[in-house]
file structure.pdb (PDB, C-alpha atoms)
ATOM      1  CA  MET U   1     145.012  85.934  93.826  1.00  0.00           C
ATOM      2  CA  THR U   2     145.610  82.326  92.729  1.00  0.00           C
ATOM      3  CA  ALA U   3     143.205  81.007  95.376  1.00  0.00           C
ATOM      4  CA  ALA U   4     140.535  83.528  94.429  1.00  0.00           C
ATOM      5  CA  ARG U   5     140.537  82.549  90.734  1.00  0.00           C
ATOM      6  CA  PRO U   6     139.417  78.925  91.222  1.00  0.00           C
ATOM      7  CA  ARG U   7     136.742  80.104  93.645  1.00  0.00           C
ATOM      8  CA  THR U   8     135.461  82.637  91.116  1.00  0.00           C
ATOM      9  CA  ALA U   9     135.489  79.970  88.420  1.00  0.00           C
ATOM     10  CA  ARG U  10     133.457  77.622  90.629  1.00  0.00           C
ATOM     11  CA  LEU U  11     130.901  80.362  91.341  1.00  0.00           C
ATOM     12  CA  ARG U  12     130.568  81.084  87.641  1.00  0.00           C
ATOM     13  CA  ALA U  13     130.134  77.386  86.912  1.00  0.00           C
ATOM     14  CA  ARG U  14     127.387  77.102  89.521  1.00  0.00           C
ATOM     15  CA  ALA U  15     125.646  80.188  88.160  1.00  0.00           C
ATOM     16  CA  GLY U  16     125.904  78.761  84.651  1.00  0.00           C
ATOM     17  CA  ARG U  17     124.180  75.572  85.759  1.00  0.00           C
ATOM     18  CA  LEU U  18     121.289  77.569  87.192  1.00  0.00           C
ATOM     19  CA  VAL U  19     120.704  79.496  83.963  1.00  0.00           C
ATOM     20  CA  PRO U  20     118.617  77.576  81.385  1.00  0.00           C
ATOM     21  CA  ARG U  21     120.748  76.609  78.395  1.00  0.00           C
ATOM     22  CA  THR U  22     118.171  75.825  75.733  1.00  0.00           C
ATOM     23  CA  LEU U  23     116.170  78.512  73.968  1.00  0.00           C
ATOM     24  CA  ARG U  24     112.921  76.790  74.938  1.00  0.00           C
ATOM     25  CA  ALA U  25     113.824  76.754  78.634  1.00  0.00           C
ATOM     26  CA  ARG U  26     114.929  80.385  78.541  1.00  0.00           C
ATOM     27  CA  LEU U  27     111.699  81.515  76.903  1.00  0.00           C
ATOM     28  CA  ILE U  28     109.579  79.644  79.435  1.00  0.00           C
ATOM     29  CA  ALA U  29     111.684  80.905  82.350  1.00  0.00           C
ATOM     30  CA  GLY U  30     111.456  84.477  81.066  1.00  0.00           C
ATOM     31  CA  LEU U  31     107.685  84.176  80.695  1.00  0.00           C
ATOM     32  CA  LEU U  32     107.316  82.883  84.244  1.00  0.00           C
ATOM     33  CA  VAL U  33     109.599  85.550  85.696  1.00  0.00           C
ATOM     34  CA  LEU U  34     107.630  88.320  83.985  1.00  0.00           C
ATOM     35  CA  LEU U  35     104.354  86.826  85.191  1.00  0.00           C
ATOM     36  CA  VAL U  36     105.586  86.474  88.784  1.00  0.00           C
ATOM     37  CA  VAL U  37     106.883  90.056  88.816  1.00  0.00           C
ATOM     38  CA  THR U  38     103.577  91.327  87.394  1.00  0.00           C
ATOM     39  CA  CYS U  39     101.530  89.375  89.941  1.00  0.00           C
ATOM     40  CA  ALA U  40     103.730  90.619  92.775  1.00  0.00           C
ATOM     41  CA  ALA U  41     103.354  94.227  91.640  1.00  0.00           C
ATOM     42  CA  VAL U  42      99.578  93.896  91.283  1.00  0.00           C
ATOM     43  CA  GLY U  43      99.292  92.186  94.665  1.00  0.00           C
ATOM     44  CA  PHE U  44     101.410  94.802  96.416  1.00  0.00           C
ATOM     45  CA  ALA U  45      99.475  97.675  94.824  1.00  0.00           C
ATOM     46  CA  THR U  46      96.026  96.275  95.623  1.00  0.00           C
ATOM     47  CA  THR U  47      96.994  95.334  99.188  1.00  0.00           C
ATOM     48  CA  ALA U  48      98.518  98.740  99.860  1.00  0.00           C
ATOM     49  CA  ALA U  49      95.508 100.529  98.342  1.00  0.00           C
ATOM     50  CA  LEU U  50      93.044  98.471 100.386  1.00  0.00           C
ATOM     51  CA  ARG U  51      94.970  99.000 103.613  1.00  0.00           C
ATOM     52  CA  HIS U  52      95.211 102.751 102.970  1.00  0.00           C
ATOM     53  CA  PHE U  53      91.457 102.941 102.297  1.00  0.00           C
ATOM     54  CA  LEU U  54      90.528 100.956 105.411  1.00  0.00           C
ATOM     55  CA  VAL U  55      92.863 102.944 107.662  1.00  0.00           C
ATOM     56  CA  ASP U  56      91.476 106.229 106.298  1.00  0.00           C
ATOM     57  CA  ARG U  57      87.943 105.042 107.001  1.00  0.00           C
ATOM     58  CA  LEU U  58      88.977 104.018 110.522  1.00  0.00           C
ATOM     59  CA  ASP U  59      90.541 107.439 111.094  1.00  0.00           C
ATOM     60  CA  GLN U  60      87.324 109.081 109.946  1.00  0.00           C
ATOM     61  CA  GLN U  61      85.325 106.914 112.324  1.00  0.00           C
ATOM     62  CA  LEU U  62      87.748 107.822 115.102  1.00  0.00           C
ATOM     63  CA  ALA U  63      87.341 111.525 114.370  1.00  0.00           C
ATOM     64  CA  ASP U  64      83.534 111.283 114.226  1.00  0.00           C
ATOM     65  CA  THR U  65      82.716 109.202 117.302  1.00  0.00           C
ATOM     66  CA  GLY U  66      85.928 108.181 119.015  1.00  0.00           C
ATOM     67  CA  GLY U  67      86.321 111.238 121.242  1.00  0.00           C
ATOM     68  CA  ARG U  68      83.196 110.873 123.342  1.00  0.00           C
ATOM     69  CA  TYR U  69      84.364 107.849 125.281  1.00  0.00           C
ATOM     70  CA  ALA U  70      87.674 109.443 126.232  1.00  0.00           C
ATOM     71  CA  ALA U  71      85.879 112.651 127.206  1.00  0.00           C
ATOM     72  CA  SER U  72      83.514 110.741 129.499  1.00  0.00           C
ATOM     73  CA  LEU U  73      86.520 109.332 131.339  1.00  0.00           C
ATOM     74  CA  GLU U  74      87.457 112.867 132.298  1.00  0.00           C
ATOM     75  CA  HIS U  75      85.038 112.867 135.240  1.00  0.00           C
ATOM     76  CA  ALA U  76      84.263 109.148 135.580  1.00  0.00           C
ATOM     77  CA  ASP U  77      86.209 109.044 138.815  1.00  0.00           C
ATOM     78  CA  ARG U  78      83.544 111.385 140.301  1.00  0.00           C
ATOM     79  CA  GLY U  79      80.688 108.966 139.693  1.00  0.00           C
ATOM     80  CA  GLY U  80      79.769 109.974 136.148  1.00  0.00           C
ATOM     81  CA  ALA U  81      78.787 107.362 133.565  1.00  0.00           C
ATOM     82  CA  THR U  82      81.014 106.636 130.611  1.00  0.00           C
ATOM     83  CA  ASP U  83      79.629 107.517 127.176  1.00  0.00           C
ATOM     84  CA  THR U  84      79.626 104.385 125.033  1.00  0.00           C
ATOM     85  CA  ARG U  85      76.954 105.483 122.539  1.00  0.00           C
ATOM     86  CA  ALA U  86      77.794 104.290 119.006  1.00  0.00           C
ATOM     87  CA  GLN U  87      81.162 103.077 120.226  1.00  0.00           C
ATOM     88  CA  THR U  88      82.665 100.031 118.553  1.00  0.00           C
ATOM     89  CA  PRO U  89      83.724  97.229 120.911  1.00  0.00           C
ATOM     90  CA  GLY U  90      87.446  97.591 121.419  1.00  0.00           C
ATOM     91  CA  THR U  91      87.335 101.409 121.483  1.00  0.00           C
ATOM     92  CA  PHE U  92      90.104 102.699 123.739  1.00  0.00           C
ATOM     93  CA  GLY U  93      90.035 105.872 125.774  1.00  0.00           C
ATOM     94  CA  ALA U  94      92.506 107.460 128.175  1.00  0.00           C
ATOM     95  CA  ARG U  95      92.850 110.710 130.088  1.00  0.00           C
ATOM     96  CA  LEU U  96      96.347 112.134 130.559  1.00  0.00           C
ATOM     97  CA  LEU U  97      97.316 114.864 132.964  1.00  0.00           C
ATOM     98  CA  ASP U  98     100.896 116.117 132.908  1.00  0.00           C
ATOM     99  CA  GLY U  99     101.902 113.075 130.867  1.00  0.00           C
ATOM    100  CA  ARG U 100     100.419 110.564 133.315  1.00  0.00           C
ATOM    101  CA  ALA U 101      97.268 108.508 132.777  1.00  0.00           C
ATOM    102  CA  THR U 102      94.558 109.197 135.341  1.00  0.00           C
ATOM    103  CA  ALA U 103      92.004 106.895 133.672  1.00  0.00           C
ATOM    104  CA  ALA U 104      92.025 104.385 130.821  1.00  0.00           C
ATOM    105  CA  GLY U 105      89.459 101.915 129.571  1.00  0.00           C
ATOM    106  CA  VAL U 106      88.215  99.838 126.674  1.00  0.00           C
ATOM    107  CA  VAL U 107      84.653  99.312 125.477  1.00  0.00           C
ATOM    108  CA  ASP U 108      84.252  95.538 125.604  1.00  0.00           C
ATOM    109  CA  GLY U 109      80.615  95.363 124.523  1.00  0.00           C
ATOM    110  CA  ASP U 110      79.270  94.244 127.893  1.00  0.00           C
ATOM    111  CA  ALA U 111      76.073  95.583 129.434  1.00  0.00           C
ATOM    112  CA  ASP U 112      78.073  97.428 132.102  1.00  0.00           C
ATOM    113  CA  ASP U 113      80.075  99.566 129.652  1.00  0.00           C
ATOM    114  CA  ALA U 114      78.054 102.672 130.521  1.00  0.00           C
ATOM    115  CA  ASP U 115      78.539 102.198 134.275  1.00  0.00           C
ATOM    116  CA  ARG U 116      81.453 103.512 136.222  1.00  0.00           C
ATOM    117  CA  PRO U 117      84.748 101.958 135.087  1.00  0.00           C
ATOM    118  CA  ASN U 118      85.012  98.393 136.386  1.00  0.00           C
ATOM    119  CA  ALA U 119      87.722  95.774 136.401  1.00  0.00           C
ATOM    120  CA  ASP U 120      86.946  94.296 132.980  1.00  0.00           C
ATOM    121  CA  ASP U 121      86.815  97.737 131.312  1.00  0.00           C
ATOM    122  CA  THR U 122      89.829  99.333 132.952  1.00  0.00           C
ATOM    123  CA  VAL U 123      93.236  99.168 131.259  1.00  0.00           C
ATOM    124  CA  ASP U 124      96.379  99.214 133.377  1.00  0.00           C
ATOM    125  CA  LEU U 125      98.938 101.272 131.509  1.00  0.00           C
ATOM    126  CA  SER U 126     102.619 100.840 132.234  1.00  0.00           C
ATOM    127  CA  ALA U 127     105.046 103.748 132.333  1.00  0.00           C
ATOM    128  CA  ALA U 128     106.131 102.903 128.778  1.00  0.00           C
ATOM    129  CA  ASP U 129     102.498 102.868 127.631  1.00  0.00           C
ATOM    130  CA  GLN U 130     101.907 106.285 129.186  1.00  0.00           C
ATOM    131  CA  ARG U 131     105.003 107.708 127.500  1.00  0.00           C
ATOM    132  CA  ALA U 132     103.784 106.375 124.150  1.00  0.00           C
ATOM    133  CA  LEU U 133     100.397 108.046 124.651  1.00  0.00           C
ATOM    134  CA  ALA U 134     101.981 111.289 125.809  1.00  0.00           C
ATOM    135  CA  ALA U 135     104.068 111.327 122.602  1.00  0.00           C
ATOM    136  CA  LEU U 136     100.932 111.630 120.458  1.00  0.00           C
ATOM    137  CA  PRO U 137     100.583 115.118 118.952  1.00  0.00           C
ATOM    138  CA  VAL U 138      97.629 116.893 120.565  1.00  0.00           C
ATOM    139  CA  GLY U 139      95.171 117.842 117.836  1.00  0.00           C
ATOM    140  CA  GLY U 140      97.274 116.063 115.228  1.00  0.00           C
ATOM    141  CA  PRO U 141      96.378 113.211 112.885  1.00  0.00           C
ATOM    142  CA  ALA U 142      95.824 109.668 114.099  1.00  0.00           C
ATOM    143  CA  ARG U 143      98.813 107.389 114.443  1.00  0.00           C
ATOM    144  CA  THR U 144      99.331 103.664 114.780  1.00  0.00           C
ATOM    145  CA  VAL U 145     100.354 102.755 118.330  1.00  0.00           C
ATOM    146  CA  ARG U 146     101.174  99.379 119.852  1.00  0.00           C
ATOM    147  CA  LEU U 147     100.704  99.058 123.597  1.00  0.00           C
ATOM    148  CA  PRO U 148     101.443  95.853 125.521  1.00  0.00           C
ATOM    149  CA  ALA U 149      98.328  96.544 127.601  1.00  0.00           C
ATOM    150  CA  LEU U 150      96.138  96.272 124.476  1.00  0.00           C
ATOM    151  CA  GLU U 151      95.656  93.449 122.021  1.00  0.00           C
ATOM    152  CA  GLY U 152      97.200  94.373 118.698  1.00  0.00           C
ATOM    153  CA  PRO U 153      97.870  97.769 117.115  1.00  0.00           C
ATOM    154  CA  TYR U 154      95.516 100.725 117.493  1.00  0.00           C
ATOM    155  CA  ARG U 155      94.895 103.935 115.588  1.00  0.00           C
ATOM    156  CA  MET U 156      95.007 106.646 118.235  1.00  0.00           C
ATOM    157  CA  GLN U 157      94.365 110.369 118.302  1.00  0.00           C
ATOM    158  CA  ALA U 158      94.912 112.913 121.090  1.00  0.00           C
ATOM    159  CA  VAL U 159      92.831 116.029 121.687  1.00  0.00           C
ATOM    160  CA  ALA U 160      92.957 118.707 124.367  1.00  0.00           C
ATOM    161  CA  GLY U 161      90.492 118.325 127.250  1.00  0.00           C
ATOM    162  CA  ARG U 162      88.608 121.062 129.067  1.00  0.00           C
ATOM    163  CA  ASP U 163      90.655 120.824 132.264  1.00  0.00           C
ATOM    164  CA  GLY U 164      94.145 121.166 130.837  1.00  0.00           C
ATOM    165  CA  ASP U 165      94.330 117.414 130.277  1.00  0.00           C
ATOM    166  CA  VAL U 166      94.765 115.347 127.116  1.00  0.00           C
ATOM    167  CA  LEU U 167      92.126 112.881 125.922  1.00  0.00           C
ATOM    168  CA  VAL U 168      93.322 109.939 123.849  1.00  0.00           C
ATOM    169  CA  SER U 169      90.932 107.861 121.754  1.00  0.00           C
ATOM    170  CA  GLY U 170      91.761 104.757 119.790  1.00  0.00           C
ATOM    171  CA  LEU U 171      90.216 102.104 117.558  1.00  0.00           C
ATOM    172  CA  PRO U 172      91.671  98.617 117.011  1.00  0.00           C
ATOM    173  CA  LEU U 173      93.298  97.739 113.729  1.00  0.00           C
ATOM    174  CA  HIS U 174      92.633  94.005 113.934  1.00  0.00           C
ATOM    175  CA  GLN U 175      89.719  94.138 111.472  1.00  0.00           C
ATOM    176  CA  VAL U 176      91.888  96.001 108.982  1.00  0.00           C
ATOM    177  CA  GLU U 177      94.711  93.496 109.465  1.00  0.00           C
ATOM    178  CA  ASP U 178      92.322  90.545 109.103  1.00  0.00           C
ATOM    179  CA  THR U 179      90.855  91.956 105.887  1.00  0.00           C
ATOM    180  CA  VAL U 180      94.294  92.607 104.402  1.00  0.00           C
ATOM    181  CA  ASP U 181      95.457  89.123 105.424  1.00  0.00           C
ATOM    182  CA  ARG U 182      92.433  87.515 103.747  1.00  0.00           C
ATOM    183  CA  LEU U 183      93.092  89.497 100.571  1.00  0.00           C
ATOM    184  CA  THR U 184      96.760  88.491 100.625  1.00  0.00           C
ATOM    185  CA  THR U 185      95.862  84.818 101.033  1.00  0.00           C
ATOM    186  CA  LEU U 186      93.362  85.040  98.177  1.00  0.00           C
ATOM    187  CA  GLU U 187      95.890  86.790  95.941  1.00  0.00           C
ATOM    188  CA  LEU U 188      98.586  84.198  96.670  1.00  0.00           C
ATOM    189  CA  THR U 189      96.179  81.387  95.820  1.00  0.00           C
ATOM    190  CA  VAL U 190      94.955  82.998  92.605  1.00  0.00           C
ATOM    191  CA  PHE U 191      98.452  84.003  91.508  1.00  0.00           C
ATOM    192  CA  ALA U 192      99.841  80.528  92.216  1.00  0.00           C
ATOM    193  CA  VAL U 193      97.125  78.940  90.067  1.00  0.00           C
ATOM    194  CA  ALA U 194      97.655  81.571  87.347  1.00  0.00           C
ATOM    195  CA  VAL U 195     101.429  81.088  87.260  1.00  0.00           C
ATOM    196  CA  THR U 196     101.080  77.308  87.148  1.00  0.00           C
ATOM    197  CA  ALA U 197      98.515  77.436  84.358  1.00  0.00           C
ATOM    198  CA  ALA U 198     100.568  79.999  82.442  1.00  0.00           C
ATOM    199  CA  GLY U 199     103.687  77.853  82.848  1.00  0.00           C
ATOM    200  CA  VAL U 200     101.988  74.775  81.398  1.00  0.00           C
ATOM    201  CA  ALA U 201     100.299  76.717  78.588  1.00  0.00           C
ATOM    202  CA  GLY U 202     103.475  78.684  77.874  1.00  0.00           C
ATOM    203  CA  ALA U 203     105.557  75.503  77.672  1.00  0.00           C
ATOM    204  CA  LEU U 204     103.148  73.990  75.140  1.00  0.00           C
ATOM    205  CA  TRP U 205     103.020  77.232  73.139  1.00  0.00           C
ATOM    206  CA  VAL U 206     106.796  77.643  73.044  1.00  0.00           C
ATOM    207  CA  ARG U 207     107.238  73.998  72.085  1.00  0.00           C
ATOM    208  CA  TRP U 208     104.790  74.395  69.214  1.00  0.00           C
ATOM    209  CA  SER U 209     106.295  77.734  68.113  1.00  0.00           C
ATOM    210  CA  LEU U 210     109.843  76.319  68.020  1.00  0.00           C
ATOM    211  CA  ARG U 211     108.985  73.317  65.841  1.00  0.00           C
ATOM    212  CA  PRO U 212     110.253  75.036  62.651  1.00  0.00           C
ATOM    213  CA  LEU U 213     113.526  75.857  64.397  1.00  0.00           C
ATOM    214  CA  GLU U 214     113.863  72.219  65.442  1.00  0.00           C
ATOM    215  CA  ARG U 215     113.465  71.231  61.779  1.00  0.00           C
ATOM    216  CA  VAL U 216     116.267  73.627  60.869  1.00  0.00           C
ATOM    217  CA  ALA U 217     118.465  72.111  63.557  1.00  0.00           C
ATOM    218  CA  GLY U 218     117.670  68.612  62.254  1.00  0.00           C
ATOM    219  CA  THR U 219     118.553  69.645  58.712  1.00  0.00           C
ATOM    220  CA  ALA U 220     121.844  71.147  59.878  1.00  0.00           C
ATOM    221  CA  GLU U 221     122.713  67.919  61.704  1.00  0.00           C
ATOM    222  CA  ARG U 222     122.065  65.868  58.567  1.00  0.00           C
ATOM    223  CA  VAL U 223     124.162  68.242  56.474  1.00  0.00           C
ATOM    224  CA  SER U 224     127.025  67.919  58.947  1.00  0.00           C
ATOM    225  CA  THR U 225     127.160  64.167  58.268  1.00  0.00           C
ATOM    226  CA  LEU U 226     127.737  64.642  54.507  1.00  0.00           C
ATOM    227  CA  PRO U 227     131.293  64.338  53.122  1.00  0.00           C
ATOM    228  CA  LEU U 228     131.589  68.031  52.267  1.00  0.00           C
ATOM    229  CA  ALA U 229     135.395  67.889  52.024  1.00  0.00           C
ATOM    230  CA  SER U 230     135.233  65.874  48.784  1.00  0.00           C
ATOM    231  CA  GLY U 231     133.715  68.826  46.939  1.00  0.00           C
ATOM    232  CA  ALA U 232     131.269  66.616  45.012  1.00  0.00           C
ATOM    233  CA  VAL U 233     128.323  66.377  47.288  1.00  0.00           C
ATOM    234  CA  ASP U 234     124.715  66.542  46.237  1.00  0.00           C
ATOM    235  CA  LEU U 235     123.136  68.891  48.761  1.00  0.00           C
ATOM    236  CA  SER U 236     119.673  67.439  48.474  1.00  0.00           C
ATOM    237  CA  VAL U 237     118.969  68.027  52.147  1.00  0.00           C
ATOM    238  CA  ARG U 238     116.783  71.103  52.456  1.00  0.00           C
ATOM    239  CA  VAL U 239     114.984  72.914  55.192  1.00  0.00           C
ATOM    240  CA  PRO U 240     111.363  71.661  54.882  1.00  0.00           C
ATOM    241  CA  ASP U 241     109.894  75.158  54.828  1.00  0.00           C
ATOM    242  CA  ASP U 242     110.048  77.789  52.082  1.00  0.00           C
ATOM    243  CA  ASP U 243     107.387  80.246  53.266  1.00  0.00           C
ATOM    244  CA  PRO U 244     109.010  83.695  52.823  1.00  0.00           C
ATOM    245  CA  ALA U 245     106.695  85.142  55.495  1.00  0.00           C
ATOM    246  CA  THR U 246     108.584  83.293  58.256  1.00  0.00           C
ATOM    247  CA  GLU U 247     112.206  83.412  59.357  1.00  0.00           C
ATOM    248  CA  VAL U 248     112.671  79.659  58.874  1.00  0.00           C
ATOM    249  CA  GLY U 249     110.976  79.879  55.477  1.00  0.00           C
ATOM    250  CA  ARG U 250     113.462  82.544  54.331  1.00  0.00           C
ATOM    251  CA  VAL U 251     116.308  80.245  55.370  1.00  0.00           C
ATOM    252  CA  GLY U 252     114.774  77.432  53.312  1.00  0.00           C
ATOM    253  CA  ALA U 253     114.169  79.663  50.296  1.00  0.00           C
ATOM    254  CA  ALA U 254     117.740  81.001  50.411  1.00  0.00           C
ATOM    255  CA  GLN U 255     119.276  77.548  49.940  1.00  0.00           C
ATOM    256  CA  ILE U 256     120.765  76.933  46.539  1.00  0.00           C
TER     257      ILE U 256
END

call {"tool": "encode", "arguments": {"input": "structure.pdb", "output": "structure tokens"}}
result
Amino acid sequence: MTAARPRTARLRARAGRLVPRTLRARLIAGLLVLLVVTCAAVGFATTAALRHFLVDRLDQQLADTGGRYAASLEHADRGGATDTRAQTPGTFGARLLDGRATAAGVVDGDADDADRPNADDTVDLSAADQRALAALPVGGPARTVRLPALEGPYRMQAVAGRDGDVLVSGLPLHQVEDTVDRLTTLELTVFAVAVTAAGVAGALWVRWSLRPLERVAGTAERVSTLPLASGAVDLSVRVPDDDPATEVGRVGAAQI
């Protein structure tokens, strides 16, 4: 107990040094804290809303056109061409049978995308990758999946094939991530400039607003130097403000 008390006292002393002691410093610190919290809330809300919108649009694109490529892989091993019409480069497709991938590829934007799967289009899926794809709900909503065989996260959706297999389609999330990152960088820059400008302007405004209070403090210091104990003191020192519309003015008007 005796050892804990000095430690607690030291912690309180350190905390006291961190807290602004003057009214001016506290007002400025409070203004900055409120502004930082507001900027953080606005930034989080806008970033989350933008990401949600972009992911929803990607899911819609996946539902509209993403299934054809995976379906064309169903019989690509028999010499059929893969269907890359209106497919975005980076589109992923895989065919699963009994939880194992029989074919997987990515549209890379080359001229040979429509040919039979070749080395630069084929994706080698590990056992862990295949388990992750098999865990997707067939006919369910798209989910974000990260596979070591692919670059970055993907939005993927699984649908039932015509031969008792499962067809998985996916679209990369890197454009969404890049857009959100650019917005975050822009917000940090704008908020940093706004907080700095508000701090400087707020400090000047608080300093100007507290000038009457500083005059009151100066008057009180001068009064404290008078020999009040003698009982015969001419209290000619007054607060230089008698405007009854202000707090300091009411103090000045109340002096006798």

call {"tool": "atom_distance", "arguments": {"input": "structure.pdb", "atom1": "atom CA of Asp56 of chain U", "atom2": "atom CA of Val123 of chain U"}}
result
26.0 Å

call {"tool": "residues_around", "arguments": {"input": "structure.pdb", "residues": "Asp124 of chain U", "least_positions_apart": "5", "cutoff": "10 Å", "atoms": "all atoms listed in the file", "output": "PyMOL selection string"}}
result
chain U and resi 101+103-105+119+129-130+148-150

call {"tool": "residues_around", "arguments": {"input": "structure.pdb", "residues": "segment 184-198 of chain U", "least_positions_apart": "4", "cutoff": "8 Å", "atoms": "all atoms listed in the file", "output": "PDB file with C-alpha atoms, in the frame of the given file"}}
result
ATOM      1  CA  LEU U  32     107.316  82.883  84.244  1.00  0.00           C
ATOM      2  CA  LEU U  35     104.354  86.826  85.191  1.00  0.00           C
ATOM      3  CA  VAL U  36     105.586  86.474  88.784  1.00  0.00           C
ATOM      4  CA  CYS U  39     101.530  89.375  89.941  1.00  0.00           C
ATOM      5  CA  GLY U  43      99.292  92.186  94.665  1.00  0.00           C
ATOM      6  CA  THR U  47      96.994  95.334  99.188  1.00  0.00           C
ATOM      7  CA  VAL U 180      94.294  92.607 104.402  1.00  0.00           C
ATOM      8  CA  GLY U 202     103.475  78.684  77.874  1.00  0.00           C
TER       9      GLY U 202
END

call {"tool": "resolve_selection", "arguments": {"input": "structure.pdb", "expression": "the PyMOL selection byres ((chain U and resi 158) around 9)", "output": "ChimeraX atom specification"}}
result
/U:67,133-134,136-142,156-157,159-160,166-170

call {"tool": "residues_around", "arguments": {"input": "structure.pdb", "residues": "Arg51 of chain U", "least_positions_apart": "5", "cutoff": "10 Å", "atoms": "only C-alpha atoms", "output": "list in words"}}
result
Ala45, Thr46, Asp56, Arg57, Val176, Glu177, Thr179 and Val180 of chain U

call {"tool": "closest_residue", "arguments": {"input": "structure.pdb", "among": "U:Ala29, U:Ala94, U:Ala40, U:Ala132", "to": "Tyr69 of chain U", "atoms": "only C-alpha atoms"}}
result
U:Ala94

call {"tool": "resolve_selection", "arguments": {"input": "structure.pdb", "expression": "the PyMOL selection byres ((chain U and resi 107) around 7)", "output": "ChimeraX atom specification"}}
result
/U:89-92,105-106,108-109,113,121

call {"tool": "atom_distance", "arguments": {"input": "structure.pdb", "atom1": "atom CA of His52 of chain U", "atom2": "atom CA of Leu173 of chain U"}}
result
12.0 Å

call {"tool": "closest_residue", "arguments": {"input": "structure.pdb", "among": "U:Ala127, U:Ile28, U:Ala48, U:Val37", "to": "Gly99 of chain U", "atoms": "all atoms listed in the file"}}
result
U:Ala127

call {"tool": "atom_distance", "arguments": {"input": "structure.pdb", "atom1": "atom CA of Arg26 of chain U", "atom2": "atom CA of Ser209 of chain U"}}
result
13.8 Å

call {"tool": "residues_near_point", "arguments": {"input": "structure.pdb", "point": "(90.7, 122.2, 134.5)", "cutoff": "12 Å", "atoms": "all atoms listed in the file", "output": "list in words"}}
result
Glu74, His75, Leu97, Asp98, Ala160, Gly161, Arg162, Asp163, Gly164, Asp165 and Val166 of chain U

call {"tool": "closest_residue", "arguments": {"input": "structure.pdb", "among": "U:Val200, U:Leu147, U:Val55, U:Ala71", "to": "Gln175 of chain U", "atoms": "only C-alpha atoms"}}
result
U:Val55

call {"tool": "closest_residue", "arguments": {"input": "structure.pdb", "among": "U:Leu210, U:Leu171, U:Leu50, U:Leu62", "to": "Leu27 of chain U", "atoms": "all atoms listed in the file"}}
result
U:Leu210
